[in-house]
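Engineer: Before I ask anything, here is the structure I am working with.
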Amino acid sequence: MIFPGGEVVRGMKAIALNEYGGPDDLTLTELPDPKVGPDAVLVRVKAAGVNPVDWKVGAGYLAPVLDAHFPLVPGWDVAGVVESTGPDAKEFAPGDEVIGYVRKDWAQNGTYAELVAAPVRTLARKPAALSWRQAAGLPLAGLTAYQSLRRLDVGEGDTVLVHAAAGGVGSLAVQIAAAWGARVIGTASERNHDFLRELGAEPVTYGEGLADRVRGLAPDGVDAAFDFVGGESIEVSRQVLKDSSRVLSVVDAEVMAKGGHYLFVRPDPADLAALADLADAGRLTVGVDRAVPLSEAAEAWRLSQSGRTRGKVVIDVS
């Protein structure tokens with residue numbers, strides 16, 4: 001790439017938005033390589049996970065709380081190989097395989113690109129048991145599930161209700177809770193019931209009468225409930241909980257006004273490493289519903305917006 005003035009700047013392929021918009025506004029372009037701070041590393045991206053927050057940021061839905069700068073490269077999930085390190089990024093070395101939830105305090109230089117500069121506080125080593133695609137789908141969804149379960153102190157002997165249990169976050173929450181010794185009841189459409197059984201959950205069909213179906217499985221009530229979808233999940237949860245305060249939502253902050261908990265996932269290398277350990281121990285896997293090349297990122301957004309995926313949508317980058 002030649003900039004005005006004649007200097008030649010190395011460039012990378014990336015997906016970008018030039019203003020707030022939707023899937024049709026995503027453009028495959030070339031941008032300068034990212035600058036790497038003292039406590040960051042440059043990651044050669046193998047795959048990038050797609051999450052609903054990506055297209056919500058792109059549409060401007062988070063503008064009241066998150067500044068965006070254009071051109072905006074979306075994406076917070078990454079799996080790739082460290083290419084170079086900043087002078088105080090001693091945790092990693094070139095050639096290390098890493099995963100990351102690369103969320104910064106603003107939106108601009110995301111993971112839908114050949115290269116991403118990632119602060120070390122957002123990274124952990126890639127679990128060997130997962131493919132690049134699976135690894136790219138783990139960070140945001142896995143951390144959301146892990147931090148949600150920890151927030152409500154889920155453990156041995158608990159009975160937990162997971163709403164949208166076949167989705168990206170829900171399917172990981174099911175596995176983590178089961179690994180911690182909890183009994184899991186998961187809501188999903190009937191076509192996903194066998195999938196949930198494979199993950200370790202007892203499936204129930206969502207929709208009218210859900211509370212009665214949950215009571216049929218847990219007559220004494222459930223110990224904790226997790227809303228990963230919105231809608232009526234909080235109210236249904238309160239009807240079947242032993243303690244109505246043990247409900248958590250990652251969708252609706254109004255849950256706090258009803259005595260429950262709201263969680264917005266945070267980057268945490270220790271939590272990410274714990275997820276990698278679960279994967280390498282054979283206790284956690286990532287279902288990939290669909291993978292698309294970088295040039296088809298718009299299709300990845302449409303799939304995510306449909307709300308009908310089982311597991312994760314990811315973008316193959318290199």
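Scheme for the structure tokens: letters A, B, ... for chains in order shown; per-chain residue numbers from 1; ligand numbers from 1 in order shown.
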What residues in region 162-274 of chain A get the DSSP label strand (DSSP E)? Please answer as a list in words.
Structural biologist: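 Reading the DSSP output for region 162-274 of chain A, strand (DSSP E) covers Val162, Arg183, Val184, Ile185, Gly186, Thr187, Ala188, Ala201, Glu202, Pro203, Val204, Thr205, Ala224, Ala225, Phe226, Asp227, Val247, Leu248, Ser249, His261 and Tyr262 of chain A.
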Engineer: Could you save the residues just selected, with N, CA, C and O atoms, as a PDB file, in the first residue's frame?
Structural biologist:
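The new file out-v8.pdb reads:
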```pdb
ATOM      1  N   VAL A 162     -30.262 -23.677  32.179  1.00  0.00           N
ATOM      2  CA  VAL A 162     -29.547 -22.895  31.183  1.00  0.00           C
ATOM      3  C   VAL A 162     -30.487 -22.629  30.018  1.00  0.00           C
ATOM      4  O   VAL A 162     -30.941 -23.559  29.342  1.00  0.00           O
ATOM      5  N   ARG A 183     -26.052 -30.732  38.047  1.00  0.00           N
ATOM      6  CA  ARG A 183     -27.074 -31.273  37.159  1.00  0.00           C
ATOM      7  C   ARG A 183     -27.584 -30.121  36.303  1.00  0.00           C
ATOM      8  O   ARG A 183     -27.896 -29.046  36.821  1.00  0.00           O
ATOM      9  N   VAL A 184     -27.687 -30.325  34.988  1.00  0.00           N
ATOM     10  CA  VAL A 184     -28.032 -29.239  34.077  1.00  0.00           C
ATOM     11  C   VAL A 184     -29.321 -29.555  33.332  1.00  0.00           C
ATOM     12  O   VAL A 184     -29.457 -30.612  32.710  1.00  0.00           O
ATOM     13  N   ILE A 185     -30.261 -28.614  33.389  1.00  0.00           N
ATOM     14  CA  ILE A 185     -31.465 -28.640  32.569  1.00  0.00           C
ATOM     15  C   ILE A 185     -31.305 -27.531  31.539  1.00  0.00           C
ATOM     16  O   ILE A 185     -31.038 -26.381  31.898  1.00  0.00           O
ATOM     17  N   GLY A 186     -31.446 -27.867  30.265  1.00  0.00           N
ATOM     18  CA  GLY A 186     -31.203 -26.882  29.215  1.00  0.00           C
ATOM     19  C   GLY A 186     -32.388 -26.716  28.290  1.00  0.00           C
ATOM     20  O   GLY A 186     -32.991 -27.700  27.859  1.00  0.00           O
ATOM     21  N   THR A 187     -32.734 -25.466  27.988  1.00  0.00           N
ATOM     22  CA  THR A 187     -33.830 -25.211  27.048  1.00  0.00           C
ATOM     23  C   THR A 187     -33.297 -25.164  25.625  1.00  0.00           C
ATOM     24  O   THR A 187     -32.212 -24.636  25.360  1.00  0.00           O
ATOM     25  N   ALA A 188     -34.073 -25.735  24.711  1.00  0.00           N
ATOM     26  CA  ALA A 188     -33.699 -25.748  23.293  1.00  0.00           C
ATOM     27  C   ALA A 188     -34.886 -26.245  22.488  1.00  0.00           C
ATOM     28  O   ALA A 188     -35.833 -26.830  23.029  1.00  0.00           O
ATOM     29  N   ALA A 201     -26.688 -32.425  29.365  1.00  0.00           N
ATOM     30  CA  ALA A 201     -27.860 -31.724  29.888  1.00  0.00           C
ATOM     31  C   ALA A 201     -29.124 -32.552  29.688  1.00  0.00           C
ATOM     32  O   ALA A 201     -29.197 -33.409  28.800  1.00  0.00           O
ATOM     33  N   GLU A 202     -30.133 -32.267  30.504  1.00  0.00           N
ATOM     34  CA  GLU A 202     -31.476 -32.794  30.313  1.00  0.00           C
ATOM     35  C   GLU A 202     -32.274 -31.728  29.561  1.00  0.00           C
ATOM     36  O   GLU A 202     -32.499 -30.637  30.094  1.00  0.00           O
ATOM     37  N   PRO A 203     -32.691 -31.998  28.325  1.00  0.00           N
ATOM     38  CA  PRO A 203     -33.316 -30.956  27.518  1.00  0.00           C
ATOM     39  C   PRO A 203     -34.795 -30.751  27.825  1.00  0.00           C
ATOM     40  O   PRO A 203     -35.513 -31.694  28.168  1.00  0.00           O
ATOM     41  N   VAL A 204     -35.233 -29.495  27.714  1.00  0.00           N
ATOM     42  CA  VAL A 204     -36.652 -29.144  27.746  1.00  0.00           C
ATOM     43  C   VAL A 204     -36.912 -28.177  26.600  1.00  0.00           C
ATOM     44  O   VAL A 204     -36.049 -27.369  26.240  1.00  0.00           O
ATOM     45  N   THR A 205     -38.098 -28.266  26.030  1.00  0.00           N
ATOM     46  CA  THR A 205     -38.464 -27.391  24.920  1.00  0.00           C
ATOM     47  C   THR A 205     -38.875 -26.026  25.460  1.00  0.00           C
ATOM     48  O   THR A 205     -39.660 -25.931  26.414  1.00  0.00           O
ATOM     49  N   ALA A 224     -29.965 -22.463  40.412  1.00  0.00           N
ATOM     50  CA  ALA A 224     -29.478 -21.280  39.694  1.00  0.00           C
ATOM     51  C   ALA A 224     -29.994 -21.330  38.265  1.00  0.00           C
ATOM     52  O   ALA A 224     -30.216 -22.416  37.713  1.00  0.00           O
ATOM     53  N   ALA A 225     -30.177 -20.151  37.660  1.00  0.00           N
ATOM     54  CA  ALA A 225     -30.686 -20.084  36.290  1.00  0.00           C
ATOM     55  C   ALA A 225     -29.915 -19.025  35.522  1.00  0.00           C
ATOM     56  O   ALA A 225     -29.558 -17.971  36.063  1.00  0.00           O
ATOM     57  N   PHE A 226     -29.702 -19.310  34.223  1.00  0.00           N
ATOM     58  CA  PHE A 226     -28.861 -18.459  33.385  1.00  0.00           C
ATOM     59  C   PHE A 226     -29.591 -18.101  32.100  1.00  0.00           C
ATOM     60  O   PHE A 226     -29.982 -18.977  31.327  1.00  0.00           O
ATOM     61  N   ASP A 227     -29.771 -16.791  31.899  1.00  0.00           N
ATOM     62  CA  ASP A 227     -30.455 -16.275  30.714  1.00  0.00           C
ATOM     63  C   ASP A 227     -29.427 -15.876  29.672  1.00  0.00           C
ATOM     64  O   ASP A 227     -28.758 -14.857  29.811  1.00  0.00           O
ATOM     65  N   VAL A 247     -30.557 -15.795  39.749  1.00  0.00           N
ATOM     66  CA  VAL A 247     -30.769 -15.748  38.301  1.00  0.00           C
ATOM     67  C   VAL A 247     -29.798 -14.733  37.737  1.00  0.00           C
ATOM     68  O   VAL A 247     -29.577 -13.665  38.315  1.00  0.00           O
ATOM     69  N   LEU A 248     -29.185 -15.072  36.611  1.00  0.00           N
ATOM     70  CA  LEU A 248     -28.193 -14.190  35.975  1.00  0.00           C
ATOM     71  C   LEU A 248     -28.538 -14.052  34.495  1.00  0.00           C
ATOM     72  O   LEU A 248     -28.881 -15.039  33.834  1.00  0.00           O
ATOM     73  N   SER A 249     -28.428 -12.841  33.991  1.00  0.00           N
ATOM     74  CA  SER A 249     -28.642 -12.581  32.570  1.00  0.00           C
ATOM     75  C   SER A 249     -27.418 -11.893  31.974  1.00  0.00           C
ATOM     76  O   SER A 249     -26.810 -11.036  32.619  1.00  0.00           O
ATOM     77  N   HIS A 261     -28.719 -10.952  38.858  1.00  0.00           N
ATOM     78  CA  HIS A 261     -27.366 -10.540  38.493  1.00  0.00           C
ATOM     79  C   HIS A 261     -27.270 -10.300  36.986  1.00  0.00           C
ATOM     80  O   HIS A 261     -27.849 -11.045  36.193  1.00  0.00           O
ATOM     81  N   TYR A 262     -26.497  -9.286  36.622  1.00  0.00           N
ATOM     82  CA  TYR A 262     -26.182  -9.013  35.218  1.00  0.00           C
ATOM     83  C   TYR A 262     -24.680  -9.155  35.031  1.00  0.00           C
ATOM     84  O   TYR A 262     -23.890  -8.733  35.892  1.00  0.00           O
TER      85      TYR A 262
END
```
Engineer: Among region 27-211 of chain A, which residues does DSSP mark as alpha helix (DSSP H) when it is run on the backbone? Keep the chain and numbering as in the structure and answer as a tab-separated table (two decimals) with C-alpha atoms, in the first residue's frame.
Structural biologist:
```
chain	number	residue	atom	x	y	z
A	52	PRO	CA	-23.71	-11.29	18.27
A	53	VAL	CA	-21.87	-8.39	19.88
A	54	ASP	CA	-19.81	-8.03	16.67
A	55	TRP	CA	-22.76	-6.98	14.53
A	56	LYS	CA	-24.30	-5.03	17.40
A	57	VAL	CA	-21.12	-2.94	17.67
A	58	GLY	CA	-21.10	-2.60	13.87
A	59	ALA	CA	-24.69	-1.35	13.86
A	132	TRP	CA	-8.14	-23.58	15.07
A	133	ARG	CA	-11.83	-23.14	14.33
A	134	GLN	CA	-12.91	-24.53	17.67
A	135	ALA	CA	-10.29	-22.48	19.49
A	136	ALA	CA	-11.51	-19.28	17.80
A	139	PRO	CA	-12.89	-17.11	24.18
A	140	LEU	CA	-15.90	-14.78	24.43
A	141	ALA	CA	-18.57	-17.47	24.70
A	142	GLY	CA	-16.46	-19.61	27.01
A	143	LEU	CA	-15.56	-16.73	29.30
A	144	THR	CA	-19.21	-15.62	29.40
A	145	ALA	CA	-20.29	-19.09	30.46
A	146	TYR	CA	-17.42	-19.56	32.93
A	147	GLN	CA	-17.79	-16.16	34.59
A	148	SER	CA	-21.59	-16.53	34.78
A	149	LEU	CA	-21.35	-19.88	36.55
A	150	ARG	CA	-18.71	-18.56	38.95
A	151	ARG	CA	-20.80	-15.47	39.72
A	168	GLY	CA	-22.60	-20.68	21.59
A	169	VAL	CA	-22.59	-19.61	25.25
A	170	GLY	CA	-25.20	-22.07	26.46
A	171	SER	CA	-23.50	-25.16	25.05
A	172	LEU	CA	-20.29	-24.22	26.87
A	173	ALA	CA	-22.13	-23.41	30.10
A	174	VAL	CA	-23.72	-26.86	30.02
A	175	GLN	CA	-20.34	-28.55	29.74
A	176	ILE	CA	-18.62	-26.43	32.38
A	177	ALA	CA	-21.45	-26.88	34.89
A	178	ALA	CA	-21.46	-30.64	34.28
A	179	ALA	CA	-17.67	-30.73	34.71
A	193	HIS	CA	-32.38	-32.23	22.33
A	194	ASP	CA	-30.05	-35.08	21.36
A	195	PHE	CA	-27.22	-32.56	21.05
A	196	LEU	CA	-27.85	-31.36	24.61
A	197	ARG	CA	-27.92	-34.91	25.94
A	198	GLU	CA	-24.49	-35.46	24.37
A	199	LEU	CA	-23.21	-32.39	26.23
A	210	LEU	CA	-41.72	-24.06	30.07
A	211	ALA	CA	-41.96	-23.48	33.82
```
Engineer: Produce a table with one row for each residue of region 29-146 of chain A that has an atom at most 8 Å from any atom of region 280-298 of chain A, each row naming the nearest atom pair and its distance in Å at one decimal; use only C-alpha atoms; arrange rows by chain and rising residue number; format as CSV.
Structural biologist:
```
residue,atom,partner,partner_atom,distance
A:Tyr112,CA,A:Leu294,CA,7.2
A:Ala113,CA,A:Leu294,CA,7.9
A:Pro127,CA,A:Asp280,CA,5.9
A:Ala128,CA,A:Asp280,CA,6.4
A:Ala129,CA,A:Asp280,CA,5.1
A:Leu130,CA,A:Thr285,CA,7.3
A:Arg133,CA,A:Val288,CA,7.2
A:Gln134,CA,A:Val286,CA,5.2
A:Ala135,CA,A:Val286,CA,7.5
A:Gly137,CA,A:Val286,CA,6.7
A:Leu138,CA,A:Val286,CA,6.5
```
Engineer: Can you work out the spacing between CA of Lys242 (chain A) and CA of Ala257 (chain A) in Å, to one decimal?
Structural biologist: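 Going from CA of Lys242 (chain A) over to CA of Ala257 (chain A), I get 18.4 Å.
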